[in-house]
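Next up, upload_18.cif (mmCIF, C-alpha atoms):
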data_input
#
loop_
_atom_site.group_PDB
_atom_site.id
_atom_site.type_symbol
_atom_site.label_atom_id
_atom_site.label_comp_id
_atom_site.auth_asym_id
_atom_site.auth_seq_id
_atom_site.Cartn_x
_atom_site.Cartn_y
_atom_site.Cartn_z
ATOM 1 C CA MET A 3 5.011 -12.308 -7.703
ATOM 2 C CA LYS A 4 5.200 -9.661 -4.981
ATOM 3 C CA PHE A 5 2.744 -7.148 -3.632
ATOM 4 C CA PHE A 6 4.170 -4.253 -1.642
ATOM 5 C CA LEU A 7 1.213 -2.870 0.317
ATOM 6 C CA VAL A 8 1.424 0.560 1.928
ATOM 7 C CA ARG A 9 -1.170 2.283 4.025
ATOM 8 C CA HIS A 10 -1.275 5.992 3.207
ATOM 9 C CA GLY A 11 0.594 8.337 5.518
ATOM 10 C CA GLU A 12 -1.040 10.243 8.353
ATOM 11 C CA ALA A 13 -3.441 12.817 6.927
ATOM 12 C CA LEU A 14 -4.740 16.133 8.202
ATOM 13 C CA PRO A 15 -8.114 15.955 9.987
ATOM 14 C CA SER A 16 -11.010 15.219 7.647
ATOM 15 C CA ALA A 17 -13.176 17.791 9.433
ATOM 16 C CA LEU A 18 -11.233 20.457 7.546
ATOM 17 C CA ASN A 19 -11.417 18.709 4.176
ATOM 18 C CA PRO A 20 -13.366 15.603 3.052
ATOM 19 C CA ASP A 21 -10.293 14.424 1.066
ATOM 20 C CA PRO A 22 -7.434 15.632 3.265
ATOM 21 C CA PRO A 23 -3.780 15.748 2.224
ATOM 22 C CA LEU A 24 -0.951 14.230 4.230
ATOM 23 C CA SER A 25 0.112 15.952 7.425
ATOM 24 C CA PRO A 26 3.752 17.031 7.843
ATOM 25 C CA ILE A 27 4.309 13.929 10.005
ATOM 26 C CA GLY A 28 2.682 11.773 7.323
ATOM 27 C CA ARG A 29 5.007 13.205 4.678
ATOM 28 C CA GLU A 30 8.067 12.670 6.879
ATOM 29 C CA GLU A 31 7.191 9.092 7.828
ATOM 30 C CA THR A 32 6.348 8.194 4.220
ATOM 31 C CA ALA A 33 9.705 9.611 3.081
ATOM 32 C CA LYS A 34 11.491 7.340 5.588
ATOM 33 C CA VAL A 35 9.610 4.299 4.314
ATOM 34 C CA GLY A 36 10.416 5.358 0.736
ATOM 35 C CA ALA A 37 14.134 5.516 1.557
ATOM 36 C CA PHE A 38 13.863 2.054 3.137
ATOM 37 C CA LEU A 39 12.159 0.783 -0.023
ATOM 38 C CA ALA A 40 14.971 1.999 -2.327
ATOM 39 C CA PRO A 41 16.857 -1.341 -2.464
ATOM 40 C CA PHE A 42 13.657 -3.053 -3.642
ATOM 41 C CA THR A 43 12.878 -0.752 -6.595
ATOM 42 C CA GLU A 44 14.075 -3.311 -9.151
ATOM 43 C CA GLU A 45 11.291 -5.561 -7.845
ATOM 44 C CA ILE A 46 8.493 -3.011 -8.426
ATOM 45 C CA ASP A 47 6.912 -2.937 -11.880
ATOM 46 C CA GLN A 48 3.846 -0.800 -11.201
ATOM 47 C CA VAL A 49 2.640 1.621 -8.500
ATOM 48 C CA ILE A 50 -1.105 1.990 -8.003
ATOM 49 C CA HIS A 51 -3.158 4.038 -5.541
ATOM 50 C CA SER A 52 -6.787 4.720 -4.731
ATOM 51 C CA GLY A 53 -6.952 8.259 -6.048
ATOM 52 C CA LYS A 54 -7.760 9.788 -2.681
ATOM 53 C CA LYS A 55 -5.392 12.689 -2.086
ATOM 54 C CA ARG A 56 -3.575 11.092 0.865
ATOM 55 C CA ALA A 57 -2.964 7.850 -1.069
ATOM 56 C CA LYS A 58 -1.816 9.704 -4.187
ATOM 57 C CA GLU A 59 0.608 11.863 -2.177
ATOM 58 C CA THR A 60 1.923 8.781 -0.365
ATOM 59 C CA ALA A 61 2.526 7.008 -3.695
ATOM 60 C CA GLU A 62 4.292 10.054 -5.155
ATOM 61 C CA ILE A 63 6.596 10.383 -2.118
ATOM 62 C CA LEU A 64 7.425 6.665 -2.173
ATOM 63 C CA VAL A 65 8.265 6.775 -5.900
ATOM 64 C CA GLU A 66 10.483 9.823 -5.423
ATOM 65 C CA LYS A 67 12.323 8.671 -2.286
ATOM 66 C CA ALA A 68 12.766 5.064 -3.431
ATOM 67 C CA GLY A 69 13.794 6.049 -6.943
ATOM 68 C CA ILE A 70 11.103 3.945 -8.601
ATOM 69 C CA SER A 71 11.172 4.428 -12.370
ATOM 70 C CA THR A 72 7.420 4.169 -12.963
ATOM 71 C CA LYS A 73 4.822 6.836 -12.173
ATOM 72 C CA PRO A 74 1.958 6.102 -9.767
ATOM 73 C CA VAL A 75 -1.381 5.351 -11.411
ATOM 74 C CA GLU A 76 -4.856 5.736 -9.931
ATOM 75 C CA ARG A 77 -6.784 2.472 -9.853
ATOM 76 C CA GLU A 78 -10.414 1.758 -9.030
ATOM 77 C CA GLY A 79 -11.222 -0.737 -6.294
ATOM 78 C CA LEU A 80 -8.749 0.462 -3.627
ATOM 79 C CA LYS A 81 -10.933 2.743 -1.520
ATOM 80 C CA PRO A 82 -11.475 1.946 2.177
ATOM 81 C CA ASN A 83 -14.660 -0.109 1.789
ATOM 82 C CA ASP A 84 -14.237 -1.478 -1.726
ATOM 83 C CA PRO A 85 -14.783 -5.236 -2.083
ATOM 84 C CA VAL A 86 -11.527 -7.181 -1.834
ATOM 85 C CA PRO A 87 -12.568 -10.207 -3.951
ATOM 86 C CA SER A 88 -13.452 -7.914 -6.883
ATOM 87 C CA PHE A 89 -10.042 -6.247 -6.702
ATOM 88 C CA VAL A 90 -8.230 -9.597 -6.568
ATOM 89 C CA GLU A 91 -10.219 -10.837 -9.572
ATOM 90 C CA ASP A 92 -9.333 -7.693 -11.536
ATOM 91 C CA ILE A 93 -5.597 -7.907 -10.851
ATOM 92 C CA GLU A 94 -3.735 -9.617 -13.638
ATOM 93 C CA PHE A 95 -1.672 -12.220 -11.800
ATOM 94 C CA GLY A 96 1.378 -12.517 -13.939
ATOM 95 C CA GLU A 97 4.956 -11.464 -13.598
ATOM 96 C CA GLN A 98 4.234 -7.904 -12.470
ATOM 97 C CA ASN A 99 5.133 -6.915 -8.930
ATOM 98 C CA LEU A 100 2.851 -4.192 -7.580
ATOM 99 C CA LEU A 101 3.250 -1.427 -5.030
ATOM 100 C CA ILE A 102 -0.293 -0.736 -3.823
ATOM 101 C CA VAL A 103 -1.075 2.361 -1.741
ATOM 102 C CA GLY A 104 -4.445 2.235 -0.027
ATOM 103 C CA HIS A 105 -6.538 2.525 3.093
ATOM 104 C CA LEU A 106 -8.029 0.692 6.020
ATOM 105 C CA PRO A 107 -9.961 -1.500 6.272
ATOM 106 C CA PHE A 108 -9.294 -2.503 2.648
ATOM 107 C CA LEU A 109 -5.584 -3.304 3.030
ATOM 108 C CA GLU A 110 -6.062 -5.386 6.184
ATOM 109 C CA LYS A 111 -8.831 -7.337 4.443
ATOM 110 C CA LEU A 112 -6.668 -7.801 1.350
ATOM 111 C CA VAL A 113 -3.832 -9.329 3.391
ATOM 112 C CA SER A 114 -6.277 -11.641 5.190
ATOM 113 C CA TYR A 115 -7.985 -12.634 1.943
ATOM 114 C CA LEU A 116 -4.726 -13.433 0.161
ATOM 115 C CA THR A 117 -3.057 -15.289 3.048
ATOM 116 C CA LEU A 118 -6.023 -17.078 4.656
ATOM 117 C CA GLN A 119 -8.788 -16.762 2.043
ATOM 118 C CA GLN A 120 -10.808 -15.113 4.838
ATOM 119 C CA GLU A 121 -11.417 -11.423 4.352
ATOM 120 C CA GLU A 122 -12.579 -10.853 7.940
ATOM 121 C CA ALA A 123 -9.634 -12.578 9.667
ATOM 122 C CA SER A 124 -7.301 -10.128 11.370
ATOM 123 C CA VAL A 125 -3.763 -10.954 10.236
ATOM 124 C CA VAL A 126 -1.941 -7.643 10.454
ATOM 125 C CA ASN A 127 -2.245 -4.191 11.989
ATOM 126 C CA PHE A 128 -1.386 -1.442 9.476
ATOM 127 C CA ALA A 129 -0.103 1.776 11.039
ATOM 128 C CA ALA A 130 0.008 4.845 8.793
ATOM 129 C CA SER A 131 2.856 4.595 6.231
ATOM 130 C CA SER A 132 3.461 0.916 7.077
ATOM 131 C CA LEU A 133 4.738 -1.376 4.335
ATOM 132 C CA ILE A 134 4.105 -5.103 3.946
ATOM 133 C CA CYS A 135 5.646 -7.349 1.322
ATOM 134 C CA LEU A 136 3.520 -10.329 0.255
ATOM 135 C CA GLU A 137 4.856 -13.061 -2.015
ATOM 136 C CA GLY A 138 2.835 -15.642 -3.876
ATOM 137 C CA GLU A 139 0.426 -16.318 -6.674
ATOM 138 C CA GLY A 140 -3.149 -17.461 -7.087
ATOM 139 C CA SER A 141 -4.393 -18.541 -3.650
ATOM 140 C CA GLN A 142 -0.931 -19.191 -2.187
ATOM 141 C CA TRP A 143 0.333 -16.013 -0.486
ATOM 142 C CA ARG A 144 2.466 -15.320 2.566
ATOM 143 C CA ILE A 145 3.753 -12.255 4.377
ATOM 144 C CA SER A 146 7.436 -11.998 3.554
ATOM 145 C CA TRP A 147 8.236 -8.958 5.740
ATOM 146 C CA MET A 148 6.804 -5.763 7.201
ATOM 147 C CA ILE A 149 8.190 -2.371 8.278
ATOM 148 C CA SER A 150 6.568 0.561 10.024
ATOM 149 C CA PRO A 151 7.801 4.149 10.429
ATOM 150 C CA ASP A 152 8.294 3.494 14.169
ATOM 151 C CA ALA A 153 10.843 0.795 13.350
ATOM 152 C CA LEU A 154 12.807 3.262 11.196
ATOM 153 C CA ARG A 155 13.335 5.856 13.932
#
Please rewrite the model in this file as structure tokens.
Amino acid sequence: MKFFLVRHGEALPSALNPDPPLSPIGREETAKVGAFLAPFTEEIDQVIHSGKKRAKETAEILVEKAGISTKPVEREGLKPNDPVPSFVEDIEFGEQNLLIVGHLPFLEKLVSYLTLQQEEASVVNFAASSLICLEGEGSQWRISWMISPDALR
């Protein structure tokens, strides 16, 4: 099973809007990551996001640019401070590979929890629009690869 984890793209300042949309840079960087993701679309069965505007927009851009055949779906439990163990318990570990679009600190904690079974360990630094591929099942996960928008320039 694979999890493709993406931190939402850079958003406009939250002082202007409590649920800000992506900035032009965030849209551009997410589009680059989506194009990079295109060869992996056969490996993605479902796309889920937190429902916050910046995560939803990021998921929609990734689906469009990568040519993913499924539509993004809002899912509870992916907001910045949601509990990671509850999310992991709710995920149906089966044959489905997921593309998950979320936020910090949740995504960093999710990677740490899956790879080290320690939510507070710092395993990875997620820049905006970064993508990490995790492979595994149950309590046996590893980081397969990672790409950031900076690496695609």
Go through A:Ala57, A:Ala68, A:Ile63, A:Met3 one by one, measure the shortest atom-to-atom distance of each to Leu106 in chain A using all atoms listed in the file, and give the residue with the smallest value.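 The shortest atom-to-atom distance to Leu106 in chain A comes from A:Ala57.
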Quick one: which residues end up in the PyMOL selection byres ((chain A and resi 6-15) around 8) for this structure, as a compact mmCIF listing (two decimals) with C-alpha atoms, keeping the file's coordinate frame?
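Below is the file that was written, result.txt:
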# COMPACT_ATOMS: atom_id res chain seq x y z
CA LYS A 4 5.20 -9.66 -4.98
CA PHE A 5 2.74 -7.15 -3.63
CA SER A 16 -11.01 15.22 7.65
CA ALA A 17 -13.18 17.79 9.43
CA LEU A 18 -11.23 20.46 7.55
CA ASN A 19 -11.42 18.71 4.18
CA PRO A 22 -7.43 15.63 3.26
CA PRO A 23 -3.78 15.75 2.22
CA LEU A 24 -0.95 14.23 4.23
CA SER A 25 0.11 15.95 7.42
CA ILE A 27 4.31 13.93 10.01
CA GLY A 28 2.68 11.77 7.32
CA ARG A 29 5.01 13.20 4.68
CA GLU A 31 7.19 9.09 7.83
CA THR A 32 6.35 8.19 4.22
CA ARG A 56 -3.58 11.09 0.86
CA ALA A 57 -2.96 7.85 -1.07
CA THR A 60 1.92 8.78 -0.36
CA ALA A 61 2.53 7.01 -3.70
CA ASN A 99 5.13 -6.92 -8.93
CA LEU A 100 2.85 -4.19 -7.58
CA LEU A 101 3.25 -1.43 -5.03
CA ILE A 102 -0.29 -0.74 -3.82
CA VAL A 103 -1.08 2.36 -1.74
CA GLY A 104 -4.44 2.24 -0.03
CA HIS A 105 -6.54 2.52 3.09
CA LEU A 106 -8.03 0.69 6.02
CA LEU A 109 -5.58 -3.30 3.03
CA PHE A 128 -1.39 -1.44 9.48
CA ALA A 129 -0.10 1.78 11.04
CA ALA A 130 0.01 4.84 8.79
CA SER A 131 2.86 4.60 6.23
CA SER A 132 3.46 0.92 7.08
CA LEU A 133 4.74 -1.38 4.34
CA ILE A 134 4.11 -5.10 3.95
CA CYS A 135 5.65 -7.35 1.32
CA LEU A 136 3.52 -10.33 0.26
Between CA of Leu154 in chain A and CA of Pro26 in chain A, what is the distance in Å, rounded to a tenth?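 Between these atoms lies a distance of 16.8 Å.
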Quick one: apply the PyMOL selection byres ((chain A and resi 50) around 7) to the file and drop the selected residues here as an MDAnalysis selection string. chainID A and resid 48:49 51 74:77 101:103
Kindly give the distance, in Å, that separates CA of Pro82 in chain A and CA of Pro20 in chain A, rounded to a single decimal.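 Separation of CA of Pro82 in chain A and CA of Pro20 in chain A: 13.8 Å.
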To one decimal in Å, tell me the separation between CA of Ser88 in chain A and CA of Ile46 in chain A.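 Between CA of Ser88 in chain A and CA of Ile46 in chain A the gap is 22.5 Å.
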Using all atoms listed in the file, which of the listed residues (A:Arg144, A:Lys67, A:Lys34, A:Lys81) sits closest to Gly53 in chain A? A:Lys81
For a cut-off of 12 Å around (-0.5, -14.2, 6.5), file coordinates, pick out all residues using all atoms listed in the file and list them as an mmCIF file with C-alpha atoms, keeping the file's coordinate frame.
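Saved file out_17.cif follows:
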data_model
loop_
_atom_site.group_PDB
_atom_site.id
_atom_site.type_symbol
_atom_site.label_atom_id
_atom_site.label_comp_id
_atom_site.auth_asym_id
_atom_site.auth_seq_id
_atom_site.Cartn_x
_atom_site.Cartn_y
_atom_site.Cartn_z
ATOM 1 C CA GLU A 110 -6.062 -5.386 6.184
ATOM 2 C CA LYS A 111 -8.831 -7.337 4.443
ATOM 3 C CA LEU A 112 -6.668 -7.801 1.350
ATOM 4 C CA VAL A 113 -3.832 -9.329 3.391
ATOM 5 C CA SER A 114 -6.277 -11.641 5.190
ATOM 6 C CA TYR A 115 -7.985 -12.634 1.943
ATOM 7 C CA LEU A 116 -4.726 -13.433 0.161
ATOM 8 C CA THR A 117 -3.057 -15.289 3.048
ATOM 9 C CA LEU A 118 -6.023 -17.078 4.656
ATOM 10 C CA GLN A 119 -8.788 -16.762 2.043
ATOM 11 C CA GLN A 120 -10.808 -15.113 4.838
ATOM 12 C CA GLU A 121 -11.417 -11.423 4.352
ATOM 13 C CA ALA A 123 -9.634 -12.578 9.667
ATOM 14 C CA SER A 124 -7.301 -10.128 11.370
ATOM 15 C CA VAL A 125 -3.763 -10.954 10.236
ATOM 16 C CA VAL A 126 -1.941 -7.643 10.454
ATOM 17 C CA ASN A 127 -2.245 -4.191 11.989
ATOM 18 C CA ILE A 134 4.105 -5.103 3.946
ATOM 19 C CA CYS A 135 5.646 -7.349 1.322
ATOM 20 C CA LEU A 136 3.520 -10.329 0.255
ATOM 21 C CA GLU A 137 4.856 -13.061 -2.015
ATOM 22 C CA GLY A 138 2.835 -15.642 -3.876
ATOM 23 C CA SER A 141 -4.393 -18.541 -3.650
ATOM 24 C CA GLN A 142 -0.931 -19.191 -2.187
ATOM 25 C CA TRP A 143 0.333 -16.013 -0.486
ATOM 26 C CA ARG A 144 2.466 -15.320 2.566
ATOM 27 C CA ILE A 145 3.753 -12.255 4.377
ATOM 28 C CA SER A 146 7.436 -11.998 3.554
ATOM 29 C CA TRP A 147 8.236 -8.958 5.740
ATOM 30 C CA MET A 148 6.804 -5.763 7.201
#
I'd like the box whose edges run along x, y and z of the file and which contains every listed atom of range 67-80 of chain A, padded by 4 Å per side; could you state its centre and edge lengths in Å, one decimal, as AutoDock Vina command-line options?
--center_x 1.3 --center_y 4.0 --center_z -7.6 --size_x 33.0 --size_y 17.4 --size_z 18.7
May I ask which of the residues A:Glu66, A:Asp47, A:Val90, A:Ser52 is the closest one to Glu78 in chain A, counting all atoms listed in the file?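 Between A:Glu66, A:Asp47, A:Val90, A:Ser52, the residue approaching Glu78 in chain A most closely is A:Ser52.
Distance annotation: of A:Ala37, A:Ala153, A:Ile70, A:Leu80, the residue with the minimal separation from Lys58 in chain A is A:Leu80; atom set is all atoms listed in the file.
Using only C-alpha atoms for every distance, the candidate list A:Glu139, A:Glu59, A:Glu122, A:Asp84 yields A:Glu59 as the residue closest to Glu30 in chain A.
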Some atoms are absent from range 110-126 of chain A, so rebuild N, CA and C atoms and return them as a tab-separated table (two decimals), in the coordinates of the input.
chain	number	residue	atom	x	y	z
A	110	GLU	N	-6.06	-4.29	5.21
A	110	GLU	CA	-6.06	-5.39	6.18
A	110	GLU	C	-6.88	-6.56	5.64
A	111	LYS	N	-8.00	-6.28	5.02
A	111	LYS	CA	-8.83	-7.34	4.44
A	111	LYS	C	-8.13	-8.01	3.27
A	112	LEU	N	-7.39	-7.24	2.49
A	112	LEU	CA	-6.67	-7.80	1.35
A	112	LEU	C	-5.60	-8.79	1.82
A	113	VAL	N	-4.85	-8.42	2.85
A	113	VAL	CA	-3.83	-9.33	3.39
A	113	VAL	C	-4.49	-10.61	3.90
A	114	SER	N	-5.57	-10.47	4.65
A	114	SER	CA	-6.28	-11.64	5.19
A	114	SER	C	-6.83	-12.52	4.08
A	115	TYR	N	-7.39	-11.89	3.06
A	115	TYR	CA	-7.98	-12.63	1.94
A	115	TYR	C	-6.92	-13.41	1.18
A	116	LEU	N	-5.78	-12.76	0.93
A	116	LEU	CA	-4.73	-13.43	0.16
A	116	LEU	C	-4.03	-14.54	0.96
A	117	THR	N	-3.82	-14.31	2.26
A	117	THR	CA	-3.06	-15.29	3.05
A	117	THR	C	-3.92	-16.40	3.63
A	118	LEU	N	-5.16	-16.09	3.99
A	118	LEU	CA	-6.02	-17.08	4.66
A	118	LEU	C	-7.32	-17.37	3.90
A	119	GLN	N	-7.54	-16.67	2.80
A	119	GLN	CA	-8.79	-16.76	2.04
A	119	GLN	C	-9.99	-16.41	2.92
A	120	GLN	N	-9.75	-15.59	3.94
A	120	GLN	CA	-10.81	-15.11	4.84
A	120	GLN	C	-10.66	-13.61	5.00
A	121	GLU	N	-11.49	-12.88	4.34
A	121	GLU	CA	-11.42	-11.42	4.35
A	121	GLU	C	-11.53	-10.82	5.75
A	122	GLU	N	-12.32	-11.43	6.62
A	122	GLU	CA	-12.58	-10.85	7.94
A	122	GLU	C	-11.57	-11.27	9.00
A	123	ALA	N	-10.67	-12.19	8.69
A	123	ALA	CA	-9.63	-12.58	9.67
A	123	ALA	C	-8.69	-11.40	9.87
A	124	SER	N	-8.22	-11.22	11.08
A	124	SER	CA	-7.30	-10.13	11.37
A	124	SER	C	-5.87	-10.67	11.43
A	125	VAL	N	-5.11	-10.42	10.36
A	125	VAL	CA	-3.76	-10.95	10.24
A	125	VAL	C	-2.70	-9.93	10.60
A	126	VAL	N	-2.97	-8.67	10.30
A	126	VAL	CA	-1.94	-7.64	10.45
A	126	VAL	C	-2.58	-6.32	10.87
